[in-house]
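Shown next: target13.txt, given as compact mmCIF, C-alpha atoms.
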```
# COMPACT_ATOMS: atom_id res chain seq x y z
CA MET A 182 3.72 6.27 -26.13
CA VAL A 183 4.01 4.71 -22.69
CA THR A 184 5.91 7.01 -20.34
CA SER A 185 7.94 6.08 -17.28
CA ALA A 186 5.38 7.71 -15.01
CA HIS A 187 2.62 5.81 -16.79
CA GLU A 188 4.48 2.53 -16.29
CA GLY A 189 5.12 3.25 -12.65
CA MET A 190 1.57 4.19 -11.77
CA HIS A 191 0.32 0.71 -12.59
CA ARG A 192 3.42 -1.48 -12.21
CA ILE A 193 3.59 -0.74 -8.51
CA PHE A 194 0.38 -2.74 -8.13
CA GLN A 195 1.95 -5.69 -9.97
CA GLU A 196 5.20 -5.64 -8.04
CA ARG A 197 3.95 -4.51 -4.63
CA PRO A 198 0.38 -5.87 -4.35
CA GLU A 199 0.33 -5.18 -0.62
CA ILE A 200 -0.56 -1.62 -1.58
CA LEU A 201 -4.05 -2.72 -2.63
CA GLY A 202 -5.38 -2.95 0.91
CA SER A 203 -4.49 0.67 1.64
CA VAL A 204 -5.80 1.96 -1.68
CA PHE A 205 -9.08 0.06 -1.32
CA GLU A 206 -9.45 1.47 2.19
CA VAL A 207 -9.05 5.00 0.80
CA LEU A 208 -11.67 4.22 -1.86
CA GLY A 209 -14.10 2.77 0.67
CA VAL A 210 -14.04 -0.72 -0.86
CA PRO A 211 -13.65 -3.51 1.73
CA LEU A 212 -10.83 -5.97 1.12
CA SER A 213 -9.70 -8.65 3.54
CA ALA A 214 -6.15 -8.33 4.79
CA LYS A 215 -5.24 -11.87 3.70
CA ALA A 216 -6.40 -11.58 0.11
CA THR A 217 -4.29 -13.32 -2.52
CA VAL A 218 -3.18 -11.37 -5.59
CA ASP A 219 -2.15 -12.89 -8.92
CA ALA A 220 -1.32 -11.21 -12.21
CA VAL A 221 -3.54 -11.99 -15.21
CA THR A 222 -2.66 -11.46 -18.87
CA THR A 223 -3.33 -7.89 -19.94
CA ASP A 224 -4.11 -8.80 -23.54
CA VAL A 225 -7.85 -8.41 -24.12
CA THR A 226 -7.62 -8.75 -27.90
CA GLU A 227 -10.06 -11.05 -29.66
CA ALA A 228 -9.10 -10.56 -33.30
CA ARG A 229 -6.19 -8.97 -35.10
CA PRO A 230 -5.45 -6.30 -36.12
CA LEU A 231 -7.69 -4.82 -33.41
CA GLU A 232 -5.50 -4.63 -30.32
CA ARG A 233 -6.50 -3.65 -26.84
CA ARG A 234 -4.40 -3.92 -23.73
CA VAL A 235 -5.31 -2.89 -20.23
CA ASP A 236 -2.31 -1.77 -18.16
CA THR A 237 -2.64 -4.31 -15.37
CA VAL A 238 -5.12 -7.06 -14.50
CA LEU A 239 -4.95 -8.70 -11.09
CA ARG A 240 -7.00 -11.59 -9.72
CA ILE A 241 -7.92 -10.86 -6.11
CA GLY A 242 -8.82 -13.73 -3.83
CA PRO A 243 -10.37 -12.34 -0.64
CA SER A 244 -10.40 -14.71 2.31
CA ASP A 245 -13.98 -13.65 3.04
CA GLY A 246 -15.61 -13.85 -0.39
CA GLU A 247 -15.38 -14.83 -4.06
CA ASP A 248 -12.49 -13.92 -6.32
CA PHE A 249 -12.72 -10.89 -8.57
CA LEU A 250 -10.59 -9.20 -11.22
CA LEU A 251 -9.10 -5.74 -10.80
CA ALA A 252 -8.23 -3.95 -14.05
CA ILE A 253 -5.86 -1.03 -13.44
CA GLU A 254 -5.30 1.87 -15.81
CA SER A 255 -2.95 4.85 -15.45
CA GLN A 256 -4.40 8.02 -16.92
CA SER A 257 -2.44 11.27 -17.32
CA GLY A 258 -5.21 13.21 -19.06
CA LYS A 259 -8.66 13.04 -20.60
CA VAL A 260 -8.66 10.92 -23.76
CA ALA A 261 -11.64 10.90 -26.10
CA GLY A 262 -13.05 7.42 -26.51
CA LYS A 263 -11.19 6.00 -23.52
CA GLU A 264 -14.46 5.35 -21.72
CA ALA A 265 -15.46 2.97 -24.53
CA SER A 266 -12.22 1.04 -24.06
CA TRP A 267 -12.87 0.79 -20.33
CA ALA A 268 -16.37 -0.56 -20.93
CA TYR A 269 -14.85 -3.13 -23.29
CA TYR A 270 -12.22 -4.19 -20.74
CA VAL A 271 -14.81 -4.75 -18.03
CA ALA A 272 -17.25 -6.64 -20.26
CA TYR A 273 -14.58 -8.74 -21.96
CA LEU A 274 -12.77 -9.73 -18.77
CA GLN A 275 -16.01 -10.70 -17.06
CA ALA A 276 -17.08 -12.81 -20.05
CA LYS A 277 -13.70 -14.50 -20.41
CA PHE A 278 -12.95 -15.28 -16.77
CA ARG A 279 -16.51 -15.53 -15.43
CA LEU A 280 -15.60 -13.30 -12.51
CA PRO A 281 -16.77 -9.88 -11.28
CA VAL A 282 -14.56 -7.03 -12.51
CA LEU A 283 -13.60 -3.73 -10.94
CA LEU A 284 -11.75 -0.99 -12.83
CA LEU A 285 -9.24 1.22 -10.99
CA VAL A 286 -7.94 4.35 -12.72
CA VAL A 287 -4.86 6.04 -11.20
CA CYS A 288 -4.45 9.74 -11.99
CA GLN A 289 -1.95 12.51 -11.26
CA ASP A 290 -4.22 15.55 -11.42
CA GLY A 291 -7.65 16.53 -10.17
CA PRO A 292 -9.40 17.31 -13.48
CA THR A 293 -8.39 13.96 -14.96
CA ALA A 294 -9.50 12.14 -11.80
CA LYS A 295 -12.87 13.92 -11.83
CA TRP A 296 -13.43 12.95 -15.47
CA ALA A 297 -12.27 9.36 -14.96
CA ALA A 298 -14.81 8.81 -12.17
CA GLY A 299 -17.60 8.79 -14.74
CA PRO A 300 -20.08 7.21 -14.81
CA PHE A 301 -19.87 6.35 -18.50
CA ASP A 302 -23.02 5.19 -20.25
CA CYS A 303 -23.49 3.08 -23.35
CA GLY A 304 -27.00 3.32 -24.77
CA THR A 305 -29.42 5.36 -26.81
CA ARG A 306 -32.96 6.75 -26.85
CA GLY A 307 -33.06 7.09 -23.10
CA TRP A 308 -32.06 3.50 -22.47
CA THR A 309 -28.76 2.53 -20.83
CA ALA A 310 -27.33 -0.80 -21.94
CA LEU A 311 -24.10 -0.54 -19.96
CA ARG A 312 -22.78 1.85 -17.32
CA VAL A 313 -19.19 1.90 -16.06
CA TYR A 314 -18.23 3.30 -12.68
CA PRO A 315 -14.41 3.34 -12.39
CA LEU A 316 -12.74 3.51 -9.02
CA VAL A 317 -10.35 6.46 -9.12
CA ALA A 318 -7.19 7.01 -7.08
CA GLY A 319 -5.60 10.42 -7.43
CA PRO A 320 -4.45 13.55 -5.62
CA ASP A 321 -7.96 14.21 -4.29
CA ASN A 322 -8.19 11.01 -2.26
CA LEU A 323 -4.69 9.54 -1.90
CA PRO A 324 -3.13 10.76 1.36
CA VAL A 325 -0.26 13.24 1.48
CA ILE A 326 2.27 11.30 3.55
CA THR A 327 4.89 13.68 4.93
CA ASP A 328 5.80 11.85 8.14
CA ALA A 329 8.76 9.46 7.90
CA ARG A 330 7.31 7.01 10.41
CA THR A 331 4.03 6.84 8.53
CA ALA A 332 5.90 6.37 5.25
CA ALA A 333 7.96 3.56 6.77
CA LYS A 334 4.81 1.68 7.82
CA ASN A 335 3.51 1.61 4.24
CA LEU A 336 6.23 2.49 1.76
CA ALA A 337 4.26 1.35 -1.27
CA LEU A 338 1.40 3.71 -0.42
CA ALA A 339 3.84 6.54 0.30
CA VAL A 340 5.47 6.03 -3.09
CA LEU A 341 2.08 5.99 -4.83
CA SER A 342 1.25 9.17 -2.93
CA ALA A 343 4.43 10.78 -4.29
CA LEU A 344 3.45 9.82 -7.84
CA ALA A 345 -0.13 11.05 -7.44
CA HIS A 346 1.01 14.35 -5.92
CA ALA A 347 4.07 14.81 -8.16
CA ARG A 348 2.66 18.07 -9.55
CA ASN A 349 1.82 19.39 -6.10
CA PRO A 350 4.20 21.42 -3.87
CA ASP A 351 3.48 18.87 -1.12
CA CYS A 352 5.50 16.33 -3.10
CA ASP A 353 8.79 17.70 -1.75
CA ALA A 354 7.74 16.86 1.81
CA ILE A 355 6.51 13.42 0.71
CA LEU A 356 9.87 12.66 -0.92
CA GLU A 357 11.73 13.82 2.19
CA ALA A 358 9.66 11.44 4.31
CA ILE A 359 10.27 8.54 1.92
CA SER A 360 13.99 9.28 1.88
CA SER A 361 14.16 9.10 5.68
CA ALA A 362 12.19 5.87 5.69
CA LEU A 363 14.46 4.32 3.05
CA GLN A 364 17.60 5.26 4.93
CA GLU A 365 16.28 3.35 7.92
CA LEU A 366 15.08 0.42 5.81
CA ARG A 367 18.38 -0.09 3.99
CA GLU A 368 19.92 -1.35 7.24
CA THR A 369 17.47 -4.25 7.50
CA ASP A 370 16.11 -4.75 3.98
CA PRO A 371 18.46 -3.22 1.37
CA ASP A 372 16.72 -4.98 -1.54
CA THR A 373 13.37 -3.33 -0.82
CA ALA A 374 15.05 0.02 -0.23
CA GLU A 375 16.86 -0.29 -3.54
CA TYR A 376 13.62 -1.21 -5.31
CA PHE A 377 11.83 1.93 -4.15
CA PHE A 378 14.86 4.11 -4.79
CA ASP A 379 15.04 2.86 -8.39
CA PHE A 380 11.29 3.00 -8.83
CA LEU A 381 11.01 6.67 -7.93
CA GLU A 382 14.09 7.61 -9.92
CA VAL A 383 12.60 6.06 -13.06
CA THR A 384 8.95 7.02 -12.65
CA LEU A 385 9.55 10.63 -11.62
CA GLY A 386 12.10 11.01 -14.41
CA LYS A 387 13.17 14.55 -15.32
CA THR A 388 10.14 16.22 -13.78
CA PRO A 389 10.61 18.83 -11.02
CA ALA A 390 9.72 16.10 -8.51
CA GLY A 391 12.32 13.84 -10.12
CA GLU A 392 14.96 16.54 -9.83
CA LYS A 393 14.04 16.99 -6.17
CA TRP A 394 14.35 13.23 -5.61
CA ASN A 395 17.80 13.16 -7.21
CA ARG A 396 18.92 16.05 -5.00
CA ILE A 397 17.65 14.27 -1.91
CA MET A 398 19.26 10.96 -2.80
CA SER A 399 22.59 12.56 -3.70
CA PHE A 400 23.10 12.92 0.04
CA VAL A 401 22.36 9.28 0.82
CA SER A 402 25.66 7.58 1.47
CA TYR A 403 25.00 4.23 -0.19
CA PHE A 404 22.39 2.34 -2.14
CA PRO A 405 23.72 -0.95 -3.55
CA GLY A 406 23.77 -1.59 -7.25
CA ARG A 407 23.27 2.01 -8.34
CA GLY A 408 26.76 2.53 -9.85
CA THR A 409 26.93 6.01 -8.32
CA VAL A 410 30.17 7.76 -7.48
CA ARG A 411 29.27 7.63 -3.81
CA GLU A 412 28.66 3.90 -4.05
CA MET A 413 31.96 3.45 -5.87
CA ALA A 414 33.70 5.29 -3.08
CA TYR A 415 31.96 3.12 -0.51
CA LEU A 416 32.88 -0.12 -2.22
CA GLU A 417 36.47 0.96 -2.64
CA GLY A 418 36.51 1.83 1.01
CA LYS A 419 35.37 -1.68 1.94
CA THR A 420 38.55 -3.19 0.55
CA GLU A 421 41.16 -0.43 0.53
CA GLY A 422 40.04 1.89 3.25
CA ARG A 423 37.08 4.24 3.18
CA ALA A 424 39.18 7.40 2.81
CA GLU A 425 41.09 6.02 -0.15
CA GLY A 426 37.82 4.96 -1.78
CA GLU A 427 36.33 8.44 -1.26
CA ALA A 428 39.43 10.02 -2.79
CA LYS A 429 39.16 7.82 -5.86
CA GLY A 430 35.51 8.74 -6.20
CA ILE A 431 36.25 12.48 -6.05
CA LEU A 432 39.08 12.24 -8.57
CA SER A 433 36.95 10.06 -10.84
CA VAL A 434 34.15 12.64 -10.95
CA LEU A 435 36.60 15.44 -11.76
CA GLU A 436 38.18 13.32 -14.48
CA VAL A 437 34.85 12.43 -16.08
CA ARG A 438 33.83 16.09 -16.04
CA GLY A 439 37.13 17.13 -17.63
CA ILE A 440 38.26 19.23 -14.66
CA PRO A 441 42.11 19.48 -14.51
CA VAL A 442 43.64 18.34 -11.21
CA THR A 443 47.01 19.71 -10.17
CA ASP A 444 49.49 17.65 -8.18
CA SER A 445 48.86 19.76 -5.08
CA VAL A 446 45.08 19.25 -5.30
CA ARG A 447 45.53 15.51 -5.86
CA GLU A 448 47.83 15.29 -2.86
CA ARG A 449 45.38 17.17 -0.65
CA ILE A 450 42.57 14.82 -1.64
CA THR A 451 44.47 11.55 -1.35
CA SER A 452 46.09 12.43 1.96
CA CYS A 453 42.85 13.47 3.69
CA THR A 454 41.38 11.10 6.30
CA ASP A 455 38.45 13.29 7.43
CA LEU A 456 35.48 11.40 5.98
CA ASP A 457 32.97 14.21 6.59
CA ARG A 458 35.18 16.65 4.73
CA MET A 459 35.64 14.18 1.90
CA ASP A 460 31.87 13.71 1.68
CA THR A 461 31.61 17.48 1.15
CA TRP A 462 34.30 17.37 -1.54
CA LEU A 463 32.54 14.49 -3.25
CA GLU A 464 29.31 16.47 -3.47
CA ARG A 465 31.11 19.58 -4.70
CA SER A 466 33.01 17.61 -7.33
CA ARG A 467 29.79 17.30 -9.32
CA THR A 468 29.35 21.06 -9.79
CA VAL A 469 32.70 22.90 -9.38
CA GLU A 470 34.31 24.54 -12.39
CA ARG A 471 37.84 24.35 -10.95
CA ALA A 472 39.25 21.61 -8.73
CA GLU A 473 40.43 24.21 -6.21
CA GLU A 474 36.80 25.14 -5.54
CA LEU A 475 36.45 21.86 -3.63
CA PHE A 476 38.21 23.57 -0.74
CA ASP A 477 36.14 26.76 -0.65
CA ASP A 478 35.33 27.97 2.89
CA GLU A 479 38.27 26.00 4.27
CA SER A 480 41.23 27.65 5.91
```
Could you show the structure in this file as structure tokens?
Amino acid sequence: MVTSAHEGMHRIFQERPEILGSVFEVLGVPLSAKATVDAVTTDVTEARPLERRVDTVLRIGPSDGEDFLLAIESQSGKVAGKEASWAYYVAYLQAKFRLPVLLLVVCQDGPTAKWAAGPFDCGTRGWTALRVYPLVAGPDNLPVITDARTAAKNLALAVLSALAHARNPDCDAILEAISSALQELRETDPDTAEYFFDFLEVTLGKTPAGEKWNRIMSFVSYFPGRGTVREMAYLEGKTEGRAEGEAKGILSVLEVRGIPVTDSVRERITSCTDLDRMDTWLERSRTVERAEELFDDES
């Protein structure tokens, strides 16, 4: 079964091909800055019912050399027989498109990355007919980006770093840096900020790193199109006044969670105009067991 993390580890190359330059630099493979990148069909099946699909195939057109194909696989663990599939991908793609082929395997843990590096031989009796040397990107060679300014300069690489290091304690600091970079970016390029916000939410899923990401982003005031309570409050505020929108958001959360709201609590919420205080109430509304707990620590 294809998992969200699996999808994300290779789809980022399809949707944000600018990441390739940074990854190739990490791997020590030269790639011109002005290379063109085009998606190629991932179906490498010749006859049914035998079906083989490589995760992603990109055609790279360097400005300083001939085109080549880059086959990208996401690997979460060692799989017996996978090396034979990789040899098939490389040989088939080269024969079909008459272009050189490189294979990039993206991993999330060191042992898998060490195994995926190969080389993998096909042969017998001391003779090698085919040898595959995958390029491997994983926690051992992808940088740990914990500085917000560095993350902002190359968000795609920072996001890939977060995925590769998702099982590492360093991931918390990476996510913090990405969050800061996204908050800055949303002012000038909200579409890109939204893309990366969604991407990490989906690919990290319900993992510890995913839970950390959700906690971080729960404090971000607004990301368009998310349908969050905070966004709802923001949108309401655009047309009816920010405070009124925040109040509706707080009451909506309590209602959805089945928390009873007395007239006095409702009045206190709807009459408040302190936006910072209402932000605090909005966050608390997600976890309180009684509506009155919204006002804890207040005189």
**OP:** Can you work out which one of A:Pro371, A:Pro320, A:Gly242, A:Gly439 has the shortest atom-to-atom distance to Thr293 of chain A, counting all atoms listed in the file?
**Re:**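 Between A:Pro371, A:Pro320, A:Gly242, A:Gly439, the residue approaching Thr293 of chain A most closely is A:Pro320.
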Original post:
Of the candidates A:Arg465, A:Lys277, A:Lys263, A:Arg438, which one gets nearest to Val221 of chain A if we count only C-alpha atoms?
Top reply: A:Lys277
Subject >> Contacts of Leu212 of chain A within 7 Å, all atoms listed in the file, excl. fewer than 6 positions in-chain, as a PyMOL selection string >> reply: chain A and resi 202+205+243
Original post:
Could you pull the residues within 8 Å of Ala362 of chain A, counting all atoms listed in the file, minus those fewer than 4 positions along the same chain, as a VMD selection string?
Top reply: chain A and resid 329 to 330 332 to 333 336 358 366
Original post:
What separation in Å, quoted to one decimal, exists between atom CA of Lys215 of chain A and atom CA of Leu280 of chain A?
Top reply: 19.3 Å
Subject >> Test item: residues at most 9 Å from Cys303 of chain A, only C-alpha atoms, excluding those fewer than 4 positions along its chain, as number ranges by chain >> reply: A: 265, 268, 308-313
Original post:
Pick from A:Glu427, A:Glu247, A:Asp290, A:Asp372: nearest to Leu344 of chain A, with only C-alpha atoms counted?
Top reply: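 Closest candidate: A:Asp290.
Here the question is which of A:Glu474, A:Asp302, A:Glu254, A:Asp321 gets nearest to Val286 of chain A using only C-alpha atoms, and that residue is A:Glu254.
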Subject >> Close residues, Leu323 of chain A itself excluded, 9 Å, only C-alpha atoms, min 6 positions apart in chain, as a PyMOL selection string >> reply: chain A and resi 204+207-208+338+341-342+345-346
Dump of C-alpha atoms for the selected residues, as a PDB file, in the coordinates of the input:
```pdb
ATOM      1  CA  VAL A 204      -5.800   1.960  -1.680  1.00  0.00           C
ATOM      2  CA  VAL A 207      -9.050   5.000   0.800  1.00  0.00           C
ATOM      3  CA  LEU A 208     -11.670   4.220  -1.860  1.00  0.00           C
ATOM      4  CA  LEU A 338       1.400   3.710  -0.420  1.00  0.00           C
ATOM      5  CA  LEU A 341       2.080   5.990  -4.830  1.00  0.00           C
ATOM      6  CA  SER A 342       1.250   9.170  -2.930  1.00  0.00           C
ATOM      7  CA  ALA A 345      -0.130  11.050  -7.440  1.00  0.00           C
ATOM      8  CA  HIS A 346       1.010  14.350  -5.920  1.00  0.00           C
TER       9      HIS A 346
END
```
Subject >> Residue nearest Asp478 of chain A - candidates A:Ser452, A:Ser466, A:Asn335, A:Thr461, atoms counted: only C-alpha atoms >> reply: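 Closest to Asp478 of chain A, using only C-alpha atoms: A:Thr461.
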